[in-house]
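Colleague: If it helps, the file is called protein12.pdb and holds PDB, C-alpha atoms:
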ATOM      1  CA  MET W 238       0.464  24.863  13.123
ATOM      2  CA  THR W 239       0.779  23.010  16.449
ATOM      3  CA  ALA W 240      -1.916  20.614  15.235
ATOM      4  CA  VAL W 241       0.209  19.809  12.180
ATOM      5  CA  TRP W 242       3.307  18.911  14.180
ATOM      6  CA  VAL W 243       1.338  16.958  16.793
ATOM      7  CA  THR W 244      -0.292  14.990  13.959
ATOM      8  CA  ILE W 245       3.085  14.264  12.352
ATOM      9  CA  ALA W 246       4.746  13.228  15.632
ATOM     10  CA  VAL W 247       1.931  10.924  16.742
ATOM     11  CA  LEU W 248       1.500   9.399  13.279
ATOM     12  CA  ALA W 249       5.256   8.790  13.006
ATOM     13  CA  VAL W 250       5.282   6.902  16.308
ATOM     14  CA  GLY W 251       1.962   5.188  15.547
ATOM     15  CA  THR W 252       3.020   4.014  12.089
ATOM     16  CA  PHE W 253       6.332   2.721  13.411
ATOM     17  CA  THR W 254       4.615   0.885  16.252
ATOM     18  CA  SER W 255       1.983  -0.748  14.060
ATOM     19  CA  LYS W 256       4.712  -2.060  11.737
ATOM     20  CA  ALA W 257       7.133  -3.142  14.480
ATOM     21  CA  VAL W 258       4.738  -4.772  16.956
ATOM     22  CA  GLY W 259       4.531  -8.019  14.953
ATOM     23  CA  THR W 260       8.255  -8.650  14.832
ATOM     24  CA  LEU W 261       8.784  -7.475  18.445
ATOM     25  CA  VAL W 262       6.139  -9.830  19.814
ATOM     26  CA  LEU W 263       7.070 -12.822  17.665
ATOM     27  CA  GLY W 264      10.843 -12.282  17.590
ATOM     28  CA  GLY W 265      12.619 -14.805  15.398
ATOM     29  CA  ARG W 266      10.360 -17.653  16.422
ATOM     30  CA  ASP W 267       9.117 -19.835  13.617
ATOM     31  CA  LEU W 268       5.420 -19.541  13.093
ATOM     32  CA  PRO W 269       3.464 -22.768  13.630
ATOM     33  CA  ALA W 270       2.199 -24.449  10.442
ATOM     34  CA  ARG W 271      -1.341 -23.348  11.147
ATOM     35  CA  ALA W 272      -0.269 -19.684  11.371
ATOM     36  CA  LEU W 273       1.696 -20.034   8.106
ATOM     37  CA  ASP W 274      -1.536 -21.191   6.456
ATOM     38  CA  VAL W 275      -3.116 -17.893   7.459
ATOM     39  CA  THR W 276      -0.167 -15.650   6.521
ATOM     40  CA  ALA W 277       0.033 -17.371   3.119
ATOM     41  CA  LEU W 278      -3.529 -16.259   2.460
ATOM     42  CA  LEU W 279      -3.002 -12.735   3.834
ATOM     43  CA  ALA W 280      -1.188 -11.602   0.680
ATOM     44  CA  PRO W 281      -4.013 -12.434  -1.785
ATOM     45  CA  ALA W 282      -6.647 -11.155   0.668
ATOM     46  CA  LEU W 283      -4.950  -7.794   1.284
ATOM     47  CA  LEU W 284      -3.915  -7.379  -2.360
ATOM     48  CA  ALA W 285      -7.481  -7.911  -3.539
ATOM     49  CA  GLY W 286      -8.628  -5.337  -0.992
ATOM     50  CA  LEU W 287      -5.955  -2.895  -2.190
ATOM     51  CA  VAL W 288      -6.854  -3.361  -5.870
ATOM     52  CA  ILE W 289     -10.485  -2.536  -5.076
ATOM     53  CA  TYR W 290      -9.564   0.322  -2.749
ATOM     54  CA  GLU W 291      -7.075   1.944  -5.157
ATOM     55  CA  THR W 292      -9.464   1.544  -8.090
ATOM     56  CA  PHE W 293     -12.763   2.679  -6.595
ATOM     57  CA  GLY W 294     -11.769   4.583  -3.446
ATOM     58  CA  THR W 295     -12.558   8.286  -3.018
ATOM     59  CA  ASP W 296     -12.567  10.677  -0.067
ATOM     60  CA  ASP W 297     -16.183   9.845   0.659
ATOM     61  CA  GLY W 298     -16.743   6.244  -0.378
ATOM     62  CA  LEU W 299     -16.833   4.673  -3.786
ATOM     63  CA  ALA W 300     -16.716   5.877  -7.399
ATOM     64  CA  VAL W 301     -16.339   4.241 -10.797
ATOM     65  CA  ASP W 302     -14.069   6.449 -12.912
ATOM     66  CA  ALA W 303     -11.202   6.245 -15.397
ATOM     67  CA  ARG W 304      -9.185   4.147 -12.951
ATOM     68  CA  ALA W 305     -11.663   1.274 -13.459
ATOM     69  CA  ALA W 306     -11.022   1.323 -17.213
ATOM     70  CA  GLY W 307      -7.303   1.368 -16.440
ATOM     71  CA  LEU W 308      -7.712  -1.725 -14.269
ATOM     72  CA  VAL W 309      -9.607  -3.619 -16.986
ATOM     73  CA  ALA W 310      -6.817  -2.781 -19.447
ATOM     74  CA  ALA W 311      -4.234  -3.832 -16.871
ATOM     75  CA  ILE W 312      -5.896  -7.214 -16.326
ATOM     76  CA  LEU W 313      -5.994  -7.836 -20.086
ATOM     77  CA  ALA W 314      -2.289  -6.903 -20.259
ATOM     78  CA  ILE W 315      -1.509  -9.268 -17.383
ATOM     79  CA  LEU W 316      -3.386 -12.100 -19.132
ATOM     80  CA  ALA W 317      -1.360 -11.303 -22.293
ATOM     81  CA  ARG W 318       1.727 -11.889 -20.105
ATOM     82  CA  LEU W 319       3.155  -8.398 -20.577
ATOM     83  CA  PRO W 320       5.838  -7.327 -18.070
ATOM     84  CA  MET W 321       4.809  -5.358 -14.968
ATOM     85  CA  PHE W 322       5.941  -1.933 -16.087
ATOM     86  CA  ALA W 323       4.124  -2.302 -19.433
ATOM     87  CA  VAL W 324       0.953  -3.260 -17.554
ATOM     88  CA  MET W 325       1.234  -0.112 -15.421
ATOM     89  CA  LEU W 326       1.887   2.152 -18.413
ATOM     90  CA  ILE W 327      -1.088   0.716 -20.301
ATOM     91  CA  ALA W 328      -3.347   1.356 -17.299
ATOM     92  CA  ALA W 329      -2.112   4.956 -17.061
ATOM     93  CA  ALA W 330      -2.507   5.513 -20.804
ATOM     94  CA  VAL W 331      -6.087   4.187 -20.846
ATOM     95  CA  ALA W 332      -7.096   6.271 -17.808
ATOM     96  CA  ALA W 333      -5.418   9.383 -19.225
ATOM     97  CA  SER W 334      -7.033   9.068 -22.672
ATOM     98  CA  LEU W 335     -10.449   8.461 -21.142
ATOM     99  CA  ARG W 336     -10.055  11.634 -19.059
ATOM    100  CA  ALA W 337      -8.753  13.605 -22.036
ATOM    101  CA  PHE W 338     -11.780  12.700 -24.180
ATOM    102  CA  SER W 339     -14.518  13.001 -21.575
TER     103      SER W 339
ATOM    104  CA  MET O 656      24.013  -8.278  -3.201
ATOM    105  CA  THR O 657      21.751 -11.316  -2.969
ATOM    106  CA  PRO O 658      19.546 -12.253  -5.946
ATOM    107  CA  GLU O 659      16.512 -11.674  -3.705
ATOM    108  CA  LEU O 660      17.673  -8.136  -2.888
ATOM    109  CA  ARG O 661      18.150  -7.495  -6.599
ATOM    110  CA  ALA O 662      14.674  -8.853  -7.409
ATOM    111  CA  GLY O 663      13.247  -6.531  -4.766
ATOM    112  CA  LEU O 664      15.132  -3.510  -6.103
ATOM    113  CA  LYS O 665      13.855  -4.278  -9.589
ATOM    114  CA  ALA O 666      10.229  -4.352  -8.464
ATOM    115  CA  GLY O 667      10.723  -1.220  -6.377
ATOM    116  CA  THR O 668      12.313   0.566  -9.324
ATOM    117  CA  SER O 669       9.225  -0.002 -11.463
ATOM    118  CA  LEU O 670       7.343   2.002  -8.823
ATOM    119  CA  ILE O 671       9.685   5.010  -8.790
ATOM    120  CA  LEU O 672       7.688   7.062 -11.308
ATOM    121  CA  PRO O 673       4.198   6.636  -9.812
ATOM    122  CA  THR O 674       5.551   6.919  -6.252
ATOM    123  CA  LEU O 675       7.522  10.056  -7.120
ATOM    124  CA  LEU O 676       4.435  11.656  -8.631
ATOM    125  CA  GLY O 677       2.347  10.497  -5.678
ATOM    126  CA  GLY O 678       4.868  12.289  -3.465
ATOM    127  CA  VAL O 679       4.663  15.376  -5.689
ATOM    128  CA  SER O 680       0.877  15.499  -5.386
ATOM    129  CA  PHE O 681       1.124  15.078  -1.611
ATOM    130  CA  GLY O 682       3.665  17.937  -1.451
ATOM    131  CA  VAL O 683       1.550  20.207  -3.662
ATOM    132  CA  LEU O 684      -1.625  19.592  -1.641
ATOM    133  CA  ALA O 685       0.088  19.719   1.764
ATOM    134  CA  GLN O 686       2.146  22.906   1.275
ATOM    135  CA  PRO O 687      -0.728  25.412   1.743
ATOM    136  CA  VAL O 688      -1.981  23.505   4.820
ATOM    137  CA  MET O 689       1.248  22.471   6.522
ATOM    138  CA  GLY O 690       3.926  24.811   5.218
ATOM    139  CA  SER O 691       7.069  23.743   3.360
ATOM    140  CA  VAL O 692       9.009  21.789   5.974
ATOM    141  CA  ALA O 693       6.325  19.680   7.666
ATOM    142  CA  PRO O 694       5.218  17.694   4.568
ATOM    143  CA  VAL O 695       8.788  16.565   3.863
ATOM    144  CA  VAL O 696       9.376  15.658   7.522
ATOM    145  CA  MET O 697       6.112  13.714   7.429
ATOM    146  CA  SER O 698       7.067  11.779   4.288
ATOM    147  CA  VAL O 699      10.418  10.790   5.799
ATOM    148  CA  PHE O 700       9.226   9.871   9.294
ATOM    149  CA  VAL O 701       5.667   8.658   8.723
ATOM    150  CA  PHE O 702       6.354   7.170   5.265
ATOM    151  CA  SER O 703       2.830   5.868   4.733
ATOM    152  CA  GLY O 704       1.194   7.497   1.726
ATOM    153  CA  ALA O 705      -2.393   6.539   2.453
ATOM    154  CA  ALA O 706      -2.159   7.608   6.107
ATOM    155  CA  GLN O 707      -0.535  10.911   5.125
ATOM    156  CA  PHE O 708      -3.233  11.738   2.558
ATOM    157  CA  ALA O 709      -5.957  10.822   5.058
ATOM    158  CA  ALA O 710      -4.476  13.040   7.786
ATOM    159  CA  LEU O 711      -3.933  15.875   5.305
ATOM    160  CA  THR O 712      -7.551  15.692   4.141
ATOM    161  CA  VAL O 713      -8.747  16.104   7.728
ATOM    162  CA  LEU O 714      -6.352  19.001   8.494
ATOM    163  CA  ALA O 715      -7.179  20.740   5.192
ATOM    164  CA  THR O 716     -10.902  20.652   5.937
ATOM    165  CA  GLY O 717     -10.356  22.224   9.357
ATOM    166  CA  GLY O 718     -10.349  19.077  11.494
ATOM    167  CA  GLY O 719      -8.112  18.946  14.563
ATOM    168  CA  ALA O 720      -5.024  16.873  15.288
ATOM    169  CA  LEU O 721      -7.039  14.153  16.996
ATOM    170  CA  ALA O 722      -9.291  13.553  13.982
ATOM    171  CA  ALA O 723      -6.284  13.673  11.625
ATOM    172  CA  ILE O 724      -4.402  11.124  13.728
ATOM    173  CA  ALA O 725      -7.440   8.843  13.900
ATOM    174  CA  ALA O 726      -7.863   8.952  10.107
ATOM    175  CA  GLY O 727      -4.197   8.144   9.581
ATOM    176  CA  MET O 728      -4.118   5.348  12.140
ATOM    177  CA  LEU O 729      -7.165   3.651  10.584
ATOM    178  CA  LEU O 730      -5.130   3.274   7.397
ATOM    179  CA  ASN O 731      -2.158   2.086   9.439
ATOM    180  CA  ALA O 732      -4.153  -0.785  10.904
ATOM    181  CA  ARG O 733      -3.231  -2.993   7.948
ATOM    182  CA  TRP O 734       0.433  -2.924   9.031
ATOM    183  CA  LEU O 735      -0.535  -5.111  12.003
ATOM    184  CA  PRO O 736      -1.387  -8.280  10.051
ATOM    185  CA  MET O 737       1.452  -7.589   7.594
ATOM    186  CA  GLY O 738       3.906  -7.068  10.476
ATOM    187  CA  ILE O 739       2.856 -10.334  12.088
ATOM    188  CA  ALA O 740       3.278 -12.206   8.801
ATOM    189  CA  ILE O 741       6.712 -10.752   7.989
ATOM    190  CA  GLY O 742       7.927 -10.326  11.583
ATOM    191  CA  PRO O 743       9.617 -13.714  12.070
ATOM    192  CA  PHE O 744      11.691 -13.299   8.893
ATOM    193  CA  LEU O 745      13.414 -10.043   9.856
ATOM    194  CA  LYS O 746      16.939 -10.242  11.255
ATOM    195  CA  GLY O 747      18.815  -9.183  14.389
ATOM    196  CA  GLY O 748      17.863  -7.989  17.850
ATOM    197  CA  PRO O 749      14.675  -6.083  18.761
ATOM    198  CA  VAL O 750      16.035  -2.668  17.698
ATOM    199  CA  ARG O 751      17.293  -3.826  14.311
ATOM    200  CA  ARG O 752      14.145  -5.875  13.652
ATOM    201  CA  SER O 753      11.853  -2.977  14.424
ATOM    202  CA  LEU O 754      13.912  -0.675  12.191
ATOM    203  CA  GLU O 755      13.681  -3.236   9.381
ATOM    204  CA  SER O 756       9.925  -3.403   9.882
ATOM    205  CA  VAL O 757       9.689   0.221   8.681
ATOM    206  CA  ALA O 758      10.283  -1.270   5.214
ATOM    207  CA  ILE O 759       6.834  -2.885   5.345
ATOM    208  CA  VAL O 760       4.785  -1.085   2.697
ATOM    209  CA  ASP O 761       1.977  -2.547   0.565
ATOM    210  CA  ALA O 762       3.948  -3.252  -2.590
ATOM    211  CA  SER O 763       6.983  -4.613  -0.767
ATOM    212  CA  PHE O 764       4.856  -6.843   1.444
ATOM    213  CA  ALA O 765       3.429  -8.456  -1.662
ATOM    214  CA  MET O 766       6.860  -8.677  -3.307
ATOM    215  CA  ALA O 767       8.287 -10.383  -0.227
ATOM    216  CA  SER O 768       5.582 -13.064  -0.147
ATOM    217  CA  ARG O 769       6.894 -16.468  -1.226
ATOM    218  CA  GLY O 770       3.342 -17.787  -1.462
ATOM    219  CA  ASP O 771       3.726 -20.507   1.186
ATOM    220  CA  GLY O 772       3.251 -18.246   4.196
ATOM    221  CA  THR O 773       6.952 -17.376   4.467
ATOM    222  CA  TYR O 774       8.361 -13.968   3.499
ATOM    223  CA  ASP O 775      11.721 -12.840   2.146
ATOM    224  CA  ARG O 776      13.457 -10.068   4.088
ATOM    225  CA  ASP O 777      15.882  -9.087   1.287
ATOM    226  CA  ARG O 778      13.080  -8.645  -1.220
ATOM    227  CA  LEU O 779      11.202  -6.509   1.287
ATOM    228  CA  LEU O 780      14.153  -4.185   1.906
ATOM    229  CA  GLY O 781      15.192  -4.057  -1.767
ATOM    230  CA  SER O 782      11.721  -3.167  -2.936
ATOM    231  CA  THR O 783      11.184  -0.455  -0.316
ATOM    232  CA  ALA O 784      14.466   1.451  -0.790
ATOM    233  CA  PRO O 785      13.598   3.017  -4.196
ATOM    234  CA  GLN O 786      10.042   3.743  -3.034
ATOM    235  CA  PHE O 787      11.287   5.564   0.066
ATOM    236  CA  ALA O 788      13.675   7.697  -1.997
ATOM    237  CA  ALA O 789      10.978   8.472  -4.573
ATOM    238  CA  TRP O 790       8.296   9.303  -1.985
ATOM    239  CA  SER O 791      10.497  11.758  -0.007
ATOM    240  CA  THR O 792      12.028  13.341  -3.106
ATOM    241  CA  GLY O 793       8.595  13.677  -4.700
ATOM    242  CA  THR O 794       7.223  15.421  -1.615
ATOM    243  CA  LEU O 795      10.158  17.866  -1.673
ATOM    244  CA  ILE O 796       9.564  18.623  -5.374
ATOM    245  CA  GLY O 797       5.853  19.109  -4.729
ATOM    246  CA  VAL O 798       6.461  21.503  -1.834
ATOM    247  CA  LEU O 799       8.939  23.522  -3.895
ATOM    248  CA  GLY O 800       6.401  24.088  -6.669
ATOM    249  CA  GLY O 801       5.506  20.804  -8.271
ATOM    250  CA  SER O 802       2.233  22.282  -9.511
ATOM    251  CA  VAL O 803       4.106  23.323 -12.648
ATOM    252  CA  LEU O 804       4.613  19.611 -13.435
ATOM    253  CA  GLY O 805       0.967  19.212 -14.320
ATOM    254  CA  ASP O 806      -1.872  17.174 -12.929
ATOM    255  CA  PRO O 807      -0.889  13.566 -12.084
ATOM    256  CA  GLU O 808      -4.495  12.490 -12.640
ATOM    257  CA  ALA O 809      -4.589  13.906 -16.166
ATOM    258  CA  LEU O 810      -1.607  11.661 -16.899
ATOM    259  CA  GLY O 811      -3.493   8.669 -15.494
ATOM    260  CA  LEU O 812      -0.792   8.074 -12.902
ATOM    261  CA  ASP O 813      -3.297   7.220 -10.183
ATOM    262  CA  ALA O 814      -4.348   4.242 -12.346
ATOM    263  CA  MET O 815      -0.832   2.815 -12.078
ATOM    264  CA  PHE O 816      -1.306   1.771  -8.464
ATOM    265  CA  PRO O 817      -4.291  -0.560  -8.981
ATOM    266  CA  ALA O 818      -2.476  -1.969 -12.043
ATOM    267  CA  PHE O 819       0.598  -2.652  -9.936
ATOM    268  CA  PHE O 820      -1.399  -4.381  -7.202
ATOM    269  CA  ALA O 821      -3.271  -6.383  -9.853
ATOM    270  CA  CYS O 822       0.088  -7.653 -11.193
ATOM    271  CA  LEU O 823       1.080  -8.840  -7.729
ATOM    272  CA  LEU O 824      -2.362 -10.287  -7.076
ATOM    273  CA  PHE O 825      -2.393 -12.363 -10.275
ATOM    274  CA  ALA O 826       1.069 -13.706  -9.411
ATOM    275  CA  GLU O 827      -0.375 -14.856  -6.086
ATOM    276  CA  LEU O 828      -3.376 -16.699  -7.546
ATOM    277  CA  ARG O 829      -1.756 -20.103  -7.733
ATOM    278  CA  ASP O 830      -4.676 -22.253  -6.617
ATOM    279  CA  ARG O 831      -8.404 -22.320  -5.927
ATOM    280  CA  VAL O 832      -8.030 -21.504  -2.241
ATOM    281  CA  LYS O 833      -6.041 -18.342  -2.980
ATOM    282  CA  ALA O 834      -8.422 -17.299  -5.762
ATOM    283  CA  THR O 835     -11.402 -17.768  -3.444
ATOM    284  CA  THR O 836      -9.609 -15.828  -0.706
ATOM    285  CA  ALA O 837      -8.838 -12.968  -3.100
ATOM    286  CA  ALA O 838     -12.420 -12.849  -4.392
ATOM    287  CA  THR O 839     -13.710 -12.761  -0.815
ATOM    288  CA  GLY O 840     -11.251  -9.998   0.091
ATOM    289  CA  ALA O 841     -12.359  -7.956  -2.927
ATOM    290  CA  LEU O 842     -16.040  -8.403  -2.004
ATOM    291  CA  ILE O 843     -15.445  -7.392   1.612
ATOM    292  CA  ALA O 844     -13.550  -4.239   0.565
ATOM    293  CA  PHE O 845     -16.154  -3.341  -2.054
ATOM    294  CA  GLY O 846     -19.051  -3.874   0.337
ATOM    295  CA  LEU O 847     -17.527  -1.823   3.152
ATOM    296  CA  MET O 848     -16.181   1.115   1.142
ATOM    297  CA  PRO O 849     -19.429   3.099   0.942
ATOM    298  CA  VAL O 850     -20.240   2.640   4.637
ATOM    299  CA  THR O 851     -16.982   2.700   6.649
ATOM    300  CA  PRO O 852     -14.202   5.300   7.040
ATOM    301  CA  ALA O 853     -11.169   4.963   4.755
ATOM    302  CA  GLY O 854      -8.775   2.277   5.937
ATOM    303  CA  ILE O 855     -11.328  -0.141   7.333
ATOM    304  CA  PRO O 856     -12.124  -1.900   3.999
ATOM    305  CA  VAL O 857      -8.527  -2.971   3.368
ATOM    306  CA  VAL O 858      -8.017  -4.235   6.913
ATOM    307  CA  ALA O 859     -11.336  -6.068   6.804
ATOM    308  CA  ALA O 860     -10.257  -7.671   3.516
ATOM    309  CA  ALA O 861      -7.484  -9.370   5.512
ATOM    310  CA  CYS O 862     -10.205 -11.410   7.248
ATOM    311  CA  ALA O 863     -10.704 -13.176   3.919
ATOM    312  CA  ALA O 864      -7.569 -15.163   4.845
ATOM    313  CA  LEU O 865      -9.550 -16.860   7.618
ATOM    314  CA  PHE O 866     -12.402 -17.520   5.213
ATOM    315  CA  GLY O 867      -9.918 -19.049   2.760
ATOM    316  CA  LEU O 868      -8.633 -21.345   5.486
ATOM    317  CA  ARG O 869     -12.166 -22.481   6.229
ATOM    318  CA  TYR O 870     -12.866 -22.972   2.504
ATOM    319  CA  ARG O 871      -9.801 -25.180   2.209
ATOM    320  CA  ALA O 872     -10.847 -27.237   5.232
ATOM    321  CA  VAL O 873     -14.309 -27.768   3.748
ATOM    322  CA  THR O 874     -13.183 -28.617   0.198
ATOM    323  CA  ALA O 875     -10.126 -30.690   1.149
TER     324      ALA O 875
END
Please render this file's structure as structure tokens.

Modeller:
Amino acid sequence: MTAVWVTIAVLAVGTFTSKAVGTLVLGGRDLPARALDVTALLAPALLAGLVIYETFGTDDGLAVDARAAGLVAAILAILARLPMFAVMLIAAAVAASLRAFS
Amino acid sequence: MTPELRAGLKAGTSLILPTLLGGVSFGVLAQPVMGSVAPVVMSVFVFSGAAQFAALTVLATGGGALAAIAAGMLLNARWLPMGIAIGPFLKGGPVRRSLESVAIVDASFAMASRGDGTYDRDRLLGSTAPQFAAWSTGTLIGVLGGSVLGDPEALGLDAMFPAFFACLLFAELRDRVKATTAATGALIAFGLMPVTPAGIPVVAAACAALFGLRYRAVTA
């Protein structure tokens, strides 16, 4: 049980620190234009990584499962200009039906 | 309430259901390993779903605190680039700014992005508030016996997260440089996933931003 509480305490401090260090170091200073160029591209870069990670990630690497079908459906829904919540529901419905019938 | 805060709340609200059920599954899985109090404390004070699941996986399979912390911190590494990007747009003195930085979570980071390298603090806070409530409440429900609610995977709820991130990603793809950056980020994550520990692929995908910068310099 000690291991559990040590893990929680250290992760709480560690998570806080990794989030706060950016703002503590930079303060309210305006980023130079060159740095803004990089931070503007961070969002698409990290989001693409997250889409891949959340779709194909497993405990031990990579798997193609019902989530991939959900993502394909979601992309089609996005291209059809459906609102965000509809896109998410469609993805869930496709993944759920695939799992129900396989 | 500013319009930006309202826009953030709206986006965060659309995540209440999947986040709540994510919290429930964390609570259900964590209860036998960590007891009933620790998972809820963890969700409130760590508040980082991926890191919590990673640490839980290690503890559940008999790993020690050190290995669990390392697994969690690998997934936390992505907060560094996000914190640097959002950092200058938070308000107040060092204490207040660092407290506001707790609101940095994946979905809210993307919501806060204005696309030109600047970030909106109100959208960040607005989008995180409902997610925080849903994540902690979900964990509590899970600990108290959420297994009766059924299997979140059977309902396809895990597929809602990639769909959500895809929505945000497509909203970001405004030009060739961003599309190239995103494609590079996706390739990096995909290539690293089979060979690196969890957490590394997403952080490494951030390096695609530098590649995008280079691409723009070459094609401009």

Colleague: I need the residue set behind the PyMOL selection byres ((chain O and resi 705-719) around 9) for this file; please write it as a ChimeraX atom specification.

Modeller: /W:240-241,244-245,248,252,296 /O:681,684-685,687-689,694,697-698,701-704,720-731,853-854

Colleague: For Ala282 of chain W, please output as a list in words all residues within 8 Å (counting all atoms listed in the file; exclusion window: fewer than 4 positions along the same chain).

Modeller: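 My list of contacting residues is Leu278 and Gly286 of chain W; Thr836, Ala837, Ala838, Thr839, Gly840, Ala841, Ala860, Ala861, Cys862, Ala863 and Ala864 of chain O.
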
Colleague: Within 6 Å of Thr260 of chain W, counting all atoms listed in the file, which residues qualify if same-chain residues fewer than 3 places away don't, as a PyMOL selection string?

Modeller: (chain W and resi 257+263-264) or (chain O and resi 742-743)

Colleague: If the PyMOL selection byres ((chain W and resi 294) around 12) is run on the structure shown, which residues does it catch, given as a ChimeraX atom specification?

Modeller: /W:286-293,295-302,304-305 /O:705,813-814,816-817,844-857

Colleague: Given the point (12.9, -0.9, 11.4) in the coordinates of this file, which residues lie within 12 Å, counting only C-alpha atoms, and how would they look as number ranges by chain?

Modeller: W: 250, 252-261; O: 700, 738, 742, 745-760, 776, 779-780, 783

Colleague: When the PyMOL selection byres ((chain W and resi 268) around 12) is applied to the file above, which residues end up in the set, as a VMD selection string?

Modeller: (chain W and resid 259 to 260 262 to 267 269 to 277) or (chain O and resid 739 to 744 772 to 774)
